[in-house]
$ cat structure07.cif   # mmCIF, C-alpha atoms and all ligand atoms
data_input
#
loop_
_atom_site.label_atom_id
_atom_site.label_comp_id
_atom_site.auth_asym_id
_atom_site.auth_seq_id
_atom_site.Cartn_x
_atom_site.Cartn_y
_atom_site.Cartn_z
CA VAL J 1 -1.79 -7.71 -13.76
CA ALA J 2 -1.10 -8.85 -17.33
CA LEU J 3 -3.48 -6.29 -18.80
CA ALA J 4 -2.06 -3.47 -16.70
CA LEU J 5 1.50 -4.45 -17.71
CA VAL J 6 0.56 -4.54 -21.41
CA LYS J 7 -1.08 -1.12 -21.08
CA GLY J 8 2.24 0.03 -19.58
CA GLY J 9 4.12 -1.14 -22.68
CA ARG J 10 5.44 -4.47 -21.39
CA HIS J 11 5.20 -7.66 -23.45
CA VAL J 12 3.26 -10.37 -21.59
CA TYR J 13 2.75 -14.05 -22.39
CA LEU J 14 -0.12 -15.86 -20.66
CA TYR J 15 -0.32 -19.58 -20.03
CA GLY J 16 -3.27 -21.39 -18.45
CA ARG J 17 -4.53 -24.90 -18.02
CA ARG J 18 -7.93 -24.25 -19.63
CA SER J 19 -9.34 -21.98 -22.28
CA LYS J 20 -11.11 -18.82 -21.13
CA SER J 21 -11.67 -15.37 -22.56
CA VAL J 22 -8.98 -12.80 -21.78
CA PRO J 23 -9.32 -9.11 -22.55
CA PRO J 24 -7.61 -8.01 -25.77
CA PRO J 25 -4.80 -7.52 -26.66
CA LEU J 26 -3.89 -10.40 -24.31
CA GLU J 27 -3.77 -13.91 -25.73
CA LEU J 28 -3.89 -17.06 -23.64
CA VAL J 29 -1.87 -20.13 -24.57
CA VAL J 30 -3.51 -23.23 -23.09
CA GLY J 31 -1.60 -26.35 -22.12
CA PRO J 32 -1.24 -29.02 -19.44
CA SER J 33 -0.50 -27.57 -16.00
CA ASP J 34 2.40 -30.01 -15.52
CA GLU J 35 4.22 -28.81 -18.66
CA ALA J 36 6.32 -25.68 -19.08
CA PRO J 37 4.86 -22.96 -21.32
CA PRO J 38 6.34 -22.99 -24.84
CA TRP J 39 7.65 -19.42 -24.48
CA LEU J 40 9.55 -20.08 -21.24
CA SER J 41 13.03 -19.65 -22.75
CA GLN J 42 12.04 -16.24 -24.16
CA VAL J 43 11.10 -14.61 -20.86
CA VAL J 44 13.14 -13.34 -17.93
CA VAL J 45 10.43 -12.79 -15.31
CA LEU J 46 7.82 -15.47 -14.65
CA LEU J 47 4.76 -14.66 -12.48
CA LEU J 48 2.92 -17.62 -10.95
CA ALA J 49 -0.53 -16.00 -10.69
CA VAL J 50 -2.35 -18.98 -9.17
CA ARG J 51 -4.17 -19.66 -5.90
CA ASP J 52 -1.84 -19.91 -2.92
CA ASP J 53 -2.23 -23.69 -2.57
CA ALA J 54 -1.35 -24.19 -6.26
CA ILE J 55 2.00 -22.34 -6.05
CA GLY J 56 4.00 -25.26 -4.60
CA PRO J 57 2.69 -27.89 -7.07
CA LEU J 58 3.22 -25.48 -9.98
CA ALA J 59 6.81 -24.79 -8.85
CA GLN J 60 7.28 -28.56 -8.61
CA SER J 61 6.04 -29.04 -12.21
CA LEU J 62 8.26 -26.23 -13.48
CA ALA J 63 11.27 -27.78 -11.73
CA ALA J 64 10.48 -31.17 -13.27
CA SER J 65 10.19 -29.59 -16.74
CA LYS J 66 13.86 -28.46 -16.46
CA GLY J 67 12.81 -25.26 -18.26
CA ILE J 68 13.77 -22.84 -15.47
CA THR J 69 17.35 -21.61 -15.64
CA ALA J 70 19.59 -19.30 -13.61
CA GLY J 71 18.59 -16.48 -15.96
CA HIS J 72 14.96 -16.60 -14.83
CA THR J 73 13.29 -14.70 -12.02
CA VAL J 74 10.25 -16.49 -10.61
CA LEU J 75 7.77 -14.54 -8.51
CA HIS J 76 4.46 -15.67 -7.05
CA LEU J 77 1.70 -13.24 -6.11
CA SER J 78 0.59 -14.55 -2.73
CA GLY J 79 0.26 -12.08 0.11
CA SER J 80 0.74 -14.61 2.89
CA LEU J 81 3.51 -16.85 1.50
CA GLY J 82 7.12 -15.98 0.85
CA ARG J 83 10.03 -17.28 -1.20
CA GLU J 84 9.77 -20.65 0.61
CA ALA J 85 6.69 -21.52 -1.49
CA LEU J 86 9.03 -21.82 -4.50
CA GLU J 87 11.36 -24.24 -2.72
CA PRO J 88 11.09 -26.90 -5.52
CA LEU J 89 12.91 -24.41 -7.81
CA GLU J 90 15.79 -23.96 -5.36
CA GLY J 91 18.27 -25.98 -7.43
CA THR J 92 17.63 -24.13 -10.70
CA GLY J 93 19.68 -21.04 -9.80
CA ALA J 94 16.72 -18.81 -10.70
CA ALA J 95 16.05 -15.76 -8.53
CA LEU J 96 13.01 -16.57 -6.34
CA GLY J 97 10.59 -14.35 -4.49
CA SER J 98 7.12 -12.88 -4.28
CA TRP J 99 5.40 -9.77 -5.57
CA HIS J 100 2.15 -8.78 -3.85
CA PRO J 101 0.08 -5.82 -4.98
CA LEU J 102 -1.54 -4.39 -1.83
CA GLN J 103 -4.75 -3.75 -3.70
CA SER J 104 -7.82 -5.82 -4.47
CA ILE J 105 -8.47 -6.41 -8.14
CA ALA J 106 -11.89 -7.61 -9.27
CA ASP J 107 -12.24 -5.99 -12.71
CA PRO J 108 -9.27 -6.53 -15.09
CA GLU J 109 -10.23 -3.52 -17.21
CA ARG J 110 -9.84 -1.21 -14.20
CA ALA J 111 -6.69 -2.87 -12.83
CA ALA J 112 -4.21 -0.43 -14.39
CA GLU J 113 -6.09 2.48 -12.82
CA THR J 114 -6.52 0.66 -9.48
CA PHE J 115 -2.79 -0.08 -9.27
CA GLN J 116 -1.81 3.59 -9.66
CA GLY J 117 -0.51 4.80 -6.30
CA ALA J 118 -1.07 1.45 -4.54
CA TRP J 119 1.82 -0.20 -2.71
CA ALA J 120 3.39 -3.55 -3.63
CA ALA J 121 5.30 -5.86 -1.28
CA VAL J 122 8.42 -7.48 -2.69
CA GLU J 123 10.27 -10.26 -0.93
CA GLY J 124 12.91 -12.86 -1.73
CA ASP J 125 16.34 -12.93 -3.36
CA ASP J 126 17.87 -9.54 -4.18
CA ARG J 127 17.49 -10.11 -7.93
CA ALA J 128 13.85 -11.18 -7.47
CA ALA J 129 13.16 -8.14 -5.28
CA ALA J 130 14.72 -5.86 -7.91
CA ALA J 131 12.48 -7.39 -10.60
CA GLY J 132 9.43 -6.95 -8.33
CA GLN J 133 10.36 -3.33 -7.67
CA GLU J 134 10.65 -2.67 -11.40
CA LEU J 135 7.27 -4.31 -12.09
CA ALA J 136 5.66 -2.19 -9.40
CA ARG J 137 7.13 1.05 -10.74
CA GLN J 138 5.98 0.22 -14.27
CA LEU J 139 2.44 -0.04 -12.92
CA GLY J 140 2.68 3.26 -11.07
CA MET J 141 2.89 1.42 -7.73
CA ARG J 142 5.12 2.05 -4.76
CA PRO J 143 7.26 -1.03 -3.99
CA PHE J 144 8.43 -1.88 -0.49
CA ARG J 145 10.56 -4.78 0.64
CA LEU J 146 9.50 -7.23 3.35
CA PRO J 147 11.53 -9.90 5.15
CA SER J 148 10.30 -13.44 4.34
CA THR J 149 9.61 -14.09 8.03
CA THR J 150 6.89 -11.42 8.30
CA LYS J 151 4.92 -12.14 5.12
CA THR J 152 2.04 -13.86 6.98
CA LEU J 153 1.75 -11.09 9.57
CA TYR J 154 1.75 -8.52 6.75
CA HIS J 155 -1.09 -10.43 5.07
CA ALA J 156 -3.07 -10.47 8.34
CA ALA J 157 -2.75 -6.66 8.33
CA ALA J 158 -4.21 -6.60 4.80
CA VAL J 159 -7.10 -8.84 5.91
CA PHE J 160 -7.96 -6.41 8.73
CA ALA J 161 -7.60 -3.41 6.39
CA SER J 162 -9.89 -4.80 3.71
CA ASN J 163 -11.80 -8.04 4.37
CA TYR J 164 -12.68 -7.50 8.04
CA LEU J 165 -13.70 -3.94 7.28
CA VAL J 166 -16.32 -5.44 4.94
CA VAL J 167 -17.36 -7.94 7.63
CA VAL J 168 -17.85 -5.17 10.19
CA GLU J 169 -20.02 -3.24 7.70
CA GLY J 170 -22.03 -6.44 7.15
CA ILE J 171 -22.68 -6.69 10.90
CA ALA J 172 -23.67 -3.00 11.01
CA GLU J 173 -26.16 -3.59 8.19
CA ARG J 174 -27.72 -6.55 10.03
CA LEU J 175 -28.03 -4.63 13.32
CA ALA J 176 -29.58 -1.68 11.46
CA ARG J 177 -32.20 -4.06 10.02
CA HIS J 178 -32.89 -5.46 13.49
CA ALA J 179 -33.35 -1.87 14.68
CA GLY J 180 -36.19 -1.46 12.17
CA ILE J 181 -34.59 0.01 9.04
CA PRO J 182 -36.08 -1.86 6.04
CA ARG J 183 -33.77 -4.42 4.45
CA SER J 184 -33.69 -2.41 1.19
CA ASP J 185 -32.56 0.76 3.02
CA ALA J 186 -30.20 -0.53 5.72
CA TRP J 187 -26.96 -0.28 3.76
CA SER J 188 -28.04 2.94 1.98
CA ALA J 189 -28.63 4.54 5.37
CA LEU J 190 -25.22 3.49 6.69
CA LYS J 191 -23.29 4.26 3.52
CA PRO J 192 -22.79 8.04 4.06
CA LEU J 193 -21.48 7.28 7.56
CA PHE J 194 -19.10 4.69 6.12
CA LEU J 195 -17.94 7.07 3.36
CA GLY J 196 -17.45 9.88 5.87
CA THR J 197 -15.31 7.55 7.98
CA THR J 198 -13.18 6.45 5.01
CA ALA J 199 -12.74 10.12 4.04
CA ASN J 200 -11.52 10.86 7.60
CA LEU J 201 -9.18 7.85 7.40
CA ALA J 202 -7.90 8.96 4.00
CA ALA J 203 -7.22 12.46 5.31
CA SER J 204 -5.40 11.30 8.47
CA ASP J 205 -4.73 7.88 10.03
CA PRO J 206 -6.66 5.35 12.17
CA MET J 207 -5.48 6.85 15.45
CA ALA J 208 -6.73 10.33 14.52
CA ALA J 209 -9.91 9.11 12.78
CA LEU J 210 -11.30 7.11 15.75
CA THR J 211 -14.55 8.55 17.10
CA GLY J 212 -17.43 7.01 19.05
CA PRO J 213 -18.28 6.14 22.65
CA ILE J 214 -14.98 4.47 23.55
CA ALA J 215 -12.90 7.34 22.15
CA ARG J 216 -15.14 9.72 24.14
CA GLY J 217 -15.00 7.63 27.28
CA ASP J 218 -18.79 7.23 27.33
CA VAL J 219 -19.09 4.27 29.73
CA ASP J 220 -22.89 4.29 30.01
CA THR J 221 -23.42 4.06 26.26
CA VAL J 222 -21.04 1.10 26.00
CA ARG J 223 -22.90 -0.62 28.88
CA ARG J 224 -26.27 -0.04 27.16
CA HIS J 225 -24.91 -1.36 23.83
CA LEU J 226 -23.76 -4.55 25.53
CA ALA J 227 -27.15 -4.97 27.17
CA VAL J 228 -29.00 -5.11 23.83
CA LEU J 229 -26.56 -7.14 21.74
CA ALA J 230 -26.91 -10.89 21.20
CA ALA J 231 -24.12 -12.95 22.80
CA GLU J 232 -22.00 -13.43 19.66
CA ASP J 233 -22.30 -9.76 18.64
CA ALA J 234 -21.48 -8.69 22.21
CA ARG J 235 -18.35 -10.87 22.14
CA LEU J 236 -17.17 -9.17 18.94
CA TYR J 237 -18.16 -5.72 20.25
CA ARG J 238 -16.04 -6.31 23.34
CA ALA J 239 -13.05 -7.58 21.33
CA LEU J 240 -13.13 -4.60 18.95
CA GLY J 241 -13.86 -2.34 21.91
CA ARG J 242 -10.68 -3.49 23.66
CA ALA J 243 -8.70 -2.60 20.52
CA ALA J 244 -10.48 0.79 20.38
CA LEU J 245 -9.71 1.33 24.08
CA GLU J 246 -6.01 0.70 23.49
CA MET J 247 -6.05 3.42 20.82
CA ALA J 248 -8.06 5.80 23.02
CA ILE J 249 -5.59 5.33 25.91
CA LYS J 250 -2.70 6.17 23.58
CA ARG J 251 -4.62 9.30 22.62
CA GLY J 252 -4.81 10.33 26.25
CA LEU J 253 -8.16 8.97 27.54
CA ASP J 254 -8.56 9.57 31.28
CA ARG J 255 -7.09 6.59 33.20
CA GLY J 256 -10.09 6.23 35.50
CA VAL J 257 -12.59 6.15 32.63
CA ALA J 258 -10.31 3.77 30.73
CA GLY J 259 -10.34 1.42 33.75
CA GLU J 260 -14.16 1.40 33.85
CA LEU J 261 -14.32 0.68 30.12
CA ALA J 262 -11.68 -2.05 30.42
CA ALA J 263 -13.75 -3.81 33.12
CA LEU J 264 -16.87 -3.61 30.98
CA LEU J 265 -15.17 -4.80 27.83
CA HIS J 266 -13.26 -7.64 29.47
CA ASP J 267 -16.07 -9.12 31.52
CA PRO J 268 -18.17 -11.57 29.47
CA GLY J 269 -20.88 -11.28 32.11
CA ALA J 270 -21.21 -7.54 31.64
CA GLY J 271 -23.67 -7.76 28.74
CA GLY J 272 -25.17 -9.79 25.95
CA ARG J 273 -28.33 -11.79 26.11
N1 LIG Y 301 -7.39 -10.78 -6.77
C1 LIG Y 301 -6.74 -9.93 -6.02
O1 LIG Y 301 -7.24 -8.88 -5.70
C2 LIG Y 301 -5.32 -10.25 -5.59
C3 LIG Y 301 -4.58 -9.21 -4.99
C4 LIG Y 301 -3.28 -9.46 -4.62
C5 LIG Y 301 -2.73 -10.71 -4.83
N2 LIG Y 301 -3.48 -11.72 -5.37
C6 LIG Y 301 -2.84 -13.03 -5.52
O2 LIG Y 301 -2.86 -13.42 -6.88
C7 LIG Y 301 -2.91 -14.85 -6.95
C8 LIG Y 301 -4.05 -15.25 -7.84
O3 LIG Y 301 -5.24 -14.71 -7.29
P1 LIG Y 301 -6.53 -14.45 -8.17
O4 LIG Y 301 -7.45 -13.58 -7.36
O5 LIG Y 301 -6.14 -14.03 -9.54
O6 LIG Y 301 -7.13 -15.91 -8.19
P2 LIG Y 301 -8.14 -16.55 -9.22
O7 LIG Y 301 -9.01 -15.51 -9.83
O8 LIG Y 301 -8.73 -17.71 -8.49
O9 LIG Y 301 -7.23 -17.07 -10.39
C9 LIG Y 301 -6.34 -18.10 -10.14
C10 LIG Y 301 -5.84 -18.63 -11.47
O10 LIG Y 301 -4.97 -19.71 -11.13
C11 LIG Y 301 -5.29 -20.82 -11.95
N3 LIG Y 301 -4.97 -22.04 -11.22
C12 LIG Y 301 -5.47 -22.43 -10.03
N4 LIG Y 301 -4.94 -23.62 -9.67
C13 LIG Y 301 -4.08 -23.95 -10.67
C14 LIG Y 301 -3.21 -25.05 -10.87
N5 LIG Y 301 -3.14 -26.05 -9.97
N6 LIG Y 301 -2.45 -25.07 -11.98
C15 LIG Y 301 -2.54 -24.06 -12.87
N7 LIG Y 301 -3.33 -22.99 -12.75
C16 LIG Y 301 -4.10 -22.95 -11.64
C17 LIG Y 301 -6.77 -20.70 -12.22
O11 LIG Y 301 -7.04 -21.36 -13.41
P3 LIG Y 301 -8.39 -22.18 -13.64
O12 LIG Y 301 -9.38 -21.18 -14.10
O13 LIG Y 301 -7.98 -23.16 -14.64
O14 LIG Y 301 -8.76 -22.80 -12.31
C18 LIG Y 301 -6.93 -19.17 -12.36
O15 LIG Y 301 -6.64 -18.76 -13.68
C19 LIG Y 301 -3.04 -15.38 -5.51
O16 LIG Y 301 -1.76 -15.73 -5.03
C20 LIG Y 301 -3.54 -14.14 -4.77
O17 LIG Y 301 -3.15 -14.17 -3.42
C21 LIG Y 301 -4.77 -11.50 -5.77
#

$ encode --input "structure07.cif" --output "structure tokens" --more "lines below"
Ligand SMILES: NC(=O)c1ccc[n+]([C@@H]2O[C@H](COP(=O)([O-])OP(=O)(O)OC[C@H]3O[C@@H](n4cnc5c(N)ncnc54)[C@H](OP(=O)(O)O)[C@@H]3O)[C@@H](O)[C@H]2O)c1
Amino acid sequence: VALALVKGGRHVYLYGRRSKSVPPPLELVVGPSDEAPPWLSQVVVLLLAVRDDAIGPLAQSLAASKGITAGHTVLHLSGSLGREALEPLEGTGAALGSWHPLQSIADPERAAETFQGAWAAVEGDDRAAAAGQELARQLGMRPFRLPSTTKTLYHAAAVFASNYLVVVEGIAERLARHAGIPRSDAWSALKPLFLGTTANLAASDPMAALTGPIARGDVDTVRRHLAVLAAEDARLYRALGRAALEMAIKRGLDRGVAGELAALLHDPGAGGR
């Protein structure tokens, strides 16, 4: 985030509890985590870019340092927590909230590019939300405001959209290996299918992009899948299948076929060895 902001012309100070290399032109000031950074009085917006469970203790330390004033805006970057995580700073008068880029960042050098066009959730006090919106726009992102009460549900959506997608591909790779595709080829073989699916998703939306036996109402294929899957895989297949069936019904799947599929997907005795 710091590197992308600097590339966008913003001045950024970094403070960390231990020395580590940061990409130029960034410079890291190192100091005790229970002390306020030396530049605190010179900044307006403070981003607490730490693990979720470190946000509360860090807010506590900042409150104890007496360095945070009503002129500050403090934002944390957690996707699942809201303004309440900064509760120790409540008495300072600072604007409090969160700023969550809805994008996964692994390589700092590519962050500025990765942020372009991504969305960013802002939440908290009006002044904090305004600062978050400005940050997002400077990075070429599209800000949107969330109520504090739905932050965790929003984060669960992000987990399904990104992390669980990876998990499902991991299961597909394992099943492909069990089907006889060599370990070295299993993911390569599945990759074009995966990329084709993401292209369909990118061109439309999940409802329109759903294909496969449940979307087609192919009851026999679903029954045969369940017969060859191990118990744990069959459980997951049924759970995802029920979600697929809900989408297929909304798309107009025949009620009778939907009923047969629902019985198959709900009954733990219907398959799995
Ligand atoms: N990475 C992403 O793609 C992404 C996307 C959206 C939002 N976020 C959010 O961004 C925040 C940071 O995530 P990250 O991926 O950057 O995590 P990270 O790579 O683990 O970095 C966390 C940083 O926090 C520091 N830290 C941890 N505990 C601390 C403490 N008690 N006091 C002071 N510093 C502490 C760590 O310093 P040390 O090296 O000293 O431990 C490290 O520099 C999280 O809230 C996350 O939800 C991340």

$ atom_distance --input "structure07.cif" --atom1 "CA of Arg251 (chain J)" --atom2 "CA of Thr211 (chain J)"
11.4 Å

$ closest_atom_pairs --input "structure07.cif" --of "chain J" --to "ligand LIG 301 (chain Y)" --cutoff "7 Å" --atoms "only C-alpha atoms and all ligand atoms" --output "Markdown table"
| residue | atom | partner | partner_atom | distance |
| --- | --- | --- | --- | --- |
| J:Gly16 | CA | Y:LIG301 | N7 | 5.9 |
| J:Arg17 | CA | Y:LIG301 | O13 | 5.1 |
| J:Arg18 | CA | Y:LIG301 | O13 | 5.1 |
| J:Ser33 | CA | Y:LIG301 | N6 | 5.1 |
| J:Ala49 | CA | Y:LIG301 | C7 | 4.6 |
| J:Val50 | CA | Y:LIG301 | O10 | 3.4 |
| J:Arg51 | CA | Y:LIG301 | C19 | 4.4 |
| J:Asp52 | CA | Y:LIG301 | O16 | 4.7 |
| J:Ala54 | CA | Y:LIG301 | N5 | 4.5 |
| J:Pro57 | CA | Y:LIG301 | N5 | 6.8 |
| J:Leu58 | CA | Y:LIG301 | N6 | 6.0 |
| J:His76 | CA | Y:LIG301 | O16 | 6.5 |
| J:Leu77 | CA | Y:LIG301 | O16 | 4.4 |
| J:Ser78 | CA | Y:LIG301 | O16 | 3.5 |
| J:Gly79 | CA | Y:LIG301 | O17 | 5.3 |
| J:His100 | CA | Y:LIG301 | C5 | 5.3 |
| J:Pro101 | CA | Y:LIG301 | C4 | 5.0 |
| J:Leu102 | CA | Y:LIG301 | C4 | 6.0 |
| J:Gln103 | CA | Y:LIG301 | C3 | 5.6 |
| J:Ser104 | CA | Y:LIG301 | O1 | 3.3 |
| J:Ile105 | CA | Y:LIG301 | O1 | 3.7 |
| J:Ala106 | CA | Y:LIG301 | O1 | 6.0 |

$ write_last_selection --input "structure07.cif" --atoms "C-alpha atoms" --output "PDB file, in the frame of the given file"
ATOM      1  CA  GLY J  16      -3.270 -21.390 -18.450  1.00  0.00           C
ATOM      2  CA  ARG J  17      -4.530 -24.900 -18.020  1.00  0.00           C
ATOM      3  CA  ARG J  18      -7.930 -24.250 -19.630  1.00  0.00           C
ATOM      4  CA  SER J  33      -0.500 -27.570 -16.000  1.00  0.00           C
ATOM      5  CA  ALA J  49      -0.530 -16.000 -10.690  1.00  0.00           C
ATOM      6  CA  VAL J  50      -2.350 -18.980  -9.170  1.00  0.00           C
ATOM      7  CA  ARG J  51      -4.170 -19.660  -5.900  1.00  0.00           C
ATOM      8  CA  ASP J  52      -1.840 -19.910  -2.920  1.00  0.00           C
ATOM      9  CA  ALA J  54      -1.350 -24.190  -6.260  1.00  0.00           C
ATOM     10  CA  PRO J  57       2.690 -27.890  -7.070  1.00  0.00           C
ATOM     11  CA  LEU J  58       3.220 -25.480  -9.980  1.00  0.00           C
ATOM     12  CA  HIS J  76       4.460 -15.670  -7.050  1.00  0.00           C
ATOM     13  CA  LEU J  77       1.700 -13.240  -6.110  1.00  0.00           C
ATOM     14  CA  SER J  78       0.590 -14.550  -2.730  1.00  0.00           C
ATOM     15  CA  GLY J  79       0.260 -12.080   0.110  1.00  0.00           C
ATOM     16  CA  HIS J 100       2.150  -8.780  -3.850  1.00  0.00           C
ATOM     17  CA  PRO J 101       0.080  -5.820  -4.980  1.00  0.00           C
ATOM     18  CA  LEU J 102      -1.540  -4.390  -1.830  1.00  0.00           C
ATOM     19  CA  GLN J 103      -4.750  -3.750  -3.700  1.00  0.00           C
ATOM     20  CA  SER J 104      -7.820  -5.820  -4.470  1.00  0.00           C
ATOM     21  CA  ILE J 105      -8.470  -6.410  -8.140  1.00  0.00           C
ATOM     22  CA  ALA J 106     -11.890  -7.610  -9.270  1.00  0.00           C
TER      23      ALA J 106
END

$ residues_near_point --input "structure07.cif" --point "(10.3, -29.4, -11.8)" --cutoff "12 Å" --atoms "all atoms listed in the file" --output "list in words"
Ser33, Asp34, Glu35, Ala36, Gly56, Pro57, Leu58, Ala59, Gln60, Ser61, Leu62, Ala63, Ala64, Ser65, Lys66, Gly67, Ile68, Thr69, Leu86, Glu87, Pro88, Leu89, Glu90, Gly91 and Thr92 of chain J

$ residues_around --input "structure07.cif" --residues "region 189-201 of chain J" --least-positions-apart "4" --cutoff "9 Å" --atoms "all atoms listed in the file" --output "list in words"
Glu169, Ala172, Glu173, Ala176, Ile181, Asp185, Asp205, Pro206, Met207, Ala208, Ala209 and Leu210 of chain J

$ write_last_selection --input "structure07.cif" --atoms "C-alpha atoms" --output "PDB file, keeping the file's coordinate frame"
ATOM      1  CA  GLU J 169     -20.020  -3.240   7.700  1.00  0.00           C
ATOM      2  CA  ALA J 172     -23.670  -3.000  11.010  1.00  0.00           C
ATOM      3  CA  GLU J 173     -26.160  -3.590   8.190  1.00  0.00           C
ATOM      4  CA  ALA J 176     -29.580  -1.680  11.460  1.00  0.00           C
ATOM      5  CA  ILE J 181     -34.590   0.010   9.040  1.00  0.00           C
ATOM      6  CA  ASP J 185     -32.560   0.760   3.020  1.00  0.00           C
ATOM      7  CA  ASP J 205      -4.730   7.880  10.030  1.00  0.00           C
ATOM      8  CA  PRO J 206      -6.660   5.350  12.170  1.00  0.00           C
ATOM      9  CA  MET J 207      -5.480   6.850  15.450  1.00  0.00           C
ATOM     10  CA  ALA J 208      -6.730  10.330  14.520  1.00  0.00           C
ATOM     11  CA  ALA J 209      -9.910   9.110  12.780  1.00  0.00           C
ATOM     12  CA  LEU J 210     -11.300   7.110  15.750  1.00  0.00           C
TER      13      LEU J 210
END

$ atom_distance --input "structure07.cif" --atom1 "CA of Arg145 (chain J)" --atom2 "CA of Tyr164 (chain J)"
24.5 Å

$ atom_distance --input "structure07.cif" --atom1 "CA of Ser188 (chain J)" --atom2 "CA of Ala161 (chain J)"
21.9 Å

$ closest_residue --input "structure07.cif" --among "J:Ser41, J:Thr73, J:Ser80, J:Ser19" --to "Tyr154 (chain J)" --atoms "only C-alpha atoms"
J:Ser80

$ axis_aligned_box --input "structure07.cif" --around "region 208-220 of chain J" --padding-each-side "4 Å" --output "AutoDock Vina command-line options"
--center_x -14.8 --center_y 7.3 --center_z 21.4 --size_x 24.2 --size_y 14.1 --size_z 25.2

$ closest_residue --input "structure07.cif" --among "J:Ile55, J:Ala94, J:Glu109, J:Met247" --to "Leu26 (chain J)" --atoms "all atoms listed in the file"
J:Glu109

$ residues_around --input "structure07.cif" --residues "region 81-85 of chain J" --least-positions-apart "6" --cutoff "9 Å" --atoms "all atoms listed in the file" --output "JSON, numbers by chain"
{"J": [52, 55, 56, 59, 75, 96, 97, 98, 123, 124, 125, 147, 148, 149, 150, 151, 152, 155]}

$ closest_residue --input "structure07.cif" --among "J:Ala234, J:Ala179, J:Ala202, J:Leu47" --to "Gly132 (chain J)" --atoms "only C-alpha atoms"
J:Leu47

$ closest_residue --input "structure07.cif" --among "J:Leu261, J:Leu175, J:Ala186, J:Ala158" --to "Val228 (chain J)" --atoms "all atoms listed in the file"
J:Leu175

$ closest_residue --input "structure07.cif" --among "J:Ala131, J:Val219, J:Val30, J:Leu3" --to "Val44 (chain J)" --atoms "only C-alpha atoms"
J:Ala131

$ closest_residue --input "structure07.cif" --among "J:Ala2, J:Ala230, J:Met141, J:Ala136" --to "Ala118 (chain J)" --atoms "only C-alpha atoms"
J:Met141

$ residues_around --input "structure07.cif" --residues "Tyr15 (chain J)" --least-positions-apart "2" --cutoff "8 Å" --atoms "all atoms listed in the file" --output "ChimeraX atom specification"
/J:13,17,28-31,37

$ residues_near_point --input "structure07.cif" --point "(2.7, -9.9, -16.1)" --cutoff "10 Å" --atoms "all atoms listed in the file" --output "list in words"
Val1, Ala2, Leu3, Ala4, Leu5, Val6, Arg10, His11, Val12, Tyr13, Leu14, Val45, Leu46, Leu47, Leu48, Ala49 and Leu135 of chain J

$ residues_around --input "structure07.cif" --residues "Thr221 (chain J)" --least-positions-apart "6" --cutoff "12 Å" --atoms "only C-alpha atoms" --output "PyMOL selection string"
chain J and resi 212-215+227-228+261+264
